[in-house]
Amino acid sequence: MKIENWQDVDEHLVVDNDKAIIVKDSKLLDNPEALKTEMQRSGKPVTEVRSKLVQKSVKSRVKTDPIKISAWFDRKHESDNAQKAEKLVSNKPTHQYKQIKNEMTFFGESFLEGFLGFYGLEVDNALGRYEHNLHVLETQELGQSEKEYYLATSENGHVRLATDPLPSQQIAEEQLNKFYQREPEETQAEQIQLRTSEDDRKEE
């Protein structure tokens with residue numbers, strides 16, 4: 001059995017030949033017997049489970065800004081619903097959905113339908129971005145200490161490796177940053193601080 005850990009995904013994917021399960025609790029990874037039992041009980045095709053893992057993770061990170069929702073209704077020429085969107089008290093879809101359901105007399109059925117349409121589109125866009133972009137993938141044979149790191153994409157549950165195994169997570173992240181020409185956060189912070197002190201000197 002092999003463990004997959006995807007960048008920005010909190011849960012683990014455990015793969016056994018053509019079946020896989022999602023594991024939330026990393027302590028369970030130390031219990032091969034329990035994993036085998038769970039695999040036999042609820043293992044499903046690998047691509048299906050990997051796709052579900054990514055979707056679930058992306059969905060949990062989607063934020064729905066009331067201003068964006070308002071703009072969505074404005075573009076559809078629903079100014080009443082656009083004004084109602086400003087009454088949403090959170091940017092977390094689950095809280096917003098509960099608020100809409102609890103205050104159905106205020107928000108109304110058409111607002112709920114529009115909100116669900118907007119949320120669905122936001123999830124689809126976020127999922128598309130995640131699947132299109134490269135991420136660090138960590139793999140490990142169950143019971144082994146050695147880990148391998150790759151740059152990879154996961155599209156509809158299918159893995160596409162972009163590199164040969166890389167020696168460490170740090171090197172994988174450096175390669176990823178180089179590919180996207182991003183600088184590590186520390187370097188960015190240093191440069192911002194450097195620019196700020198240069199600006200301060202100019203003002204003097």
# chains A, B, ... in the order shown; residues from 1 in each chain; ligands from 1
>>> select_by_dssp(residues="chain A", states="strand (DSSP E)", output="PyMOL selection string")
chain A and resi 2-6+12-16+19-23+44-45+135-141+147-155+158-161
>>> closest_atom_pairs(of="stretch 103-144 of chain A", to="stretch 70-93 of chain A", cutoff="8 Å", atoms="only C-alpha atoms", output="JSON lines")
{"residue": "A:Phe107", "atom": "CA", "partner": "A:Lys84", "partner_atom": "CA", "distance": 6.6}
{"residue": "A:Phe111", "atom": "CA", "partner": "A:Asn81", "partner_atom": "CA", "distance": 5.9}
{"residue": "A:Gly114", "atom": "CA", "partner": "A:Phe73", "partner_atom": "CA", "distance": 7.5}
{"residue": "A:Phe118", "atom": "CA", "partner": "A:Trp72", "partner_atom": "CA", "distance": 7.2}
{"residue": "A:Tyr119", "atom": "CA", "partner": "A:Pro93", "partner_atom": "CA", "distance": 7.5}
>>> atom_distance(atom1="atom CA of A:Gly120", atom2="atom CA of A:Gln96")
13.8 Å
>>> closest_residue(among="A:Lys147, A:Glu173, A:Gly157, A:Phe115", to="A:Lys68", atoms="only C-alpha atoms")
A:Phe115
>>> residues_around(residues="stretch 162-171 of chain A", least_positions_apart="4", cutoff="10 Å", atoms="only C-alpha atoms", output="ChimeraX atom specification")
/A:134-139,147-153,175-177
>>> residues_around(residues="A:Lys52", least_positions_apart="5", cutoff="12 Å", atoms="only C-alpha atoms", output="list in words")
Val9, Glu11, His12, Leu13, Ala20, Ile21, Ile22, Lys44, Pro45, Val46, Thr47, Ser57, Val58, Lys59, Leu127, Ser154, Glu155, Asn156, Gly157 and His158 of chain A
>>> residues_around(residues="A:Val15", least_positions_apart="2", cutoff="6 Å", atoms="only C-alpha atoms", output="PyMOL selection string")
chain A and resi 1-2+19-20
>>> residues_around(residues="A:Asp10", least_positions_apart="5", cutoff="12 Å", atoms="only C-alpha atoms", output="PyMOL selection string")
chain A and resi 4-5+22-26+53-54+56-58+60-61
>>> atom_distance(atom1="atom CA of A:Glu141", atom2="atom CA of A:Met39")
15.4 Å
>>> atom_distance(atom1="atom CA of A:Asp124", atom2="atom CA of A:Phe179")
24.4 Å
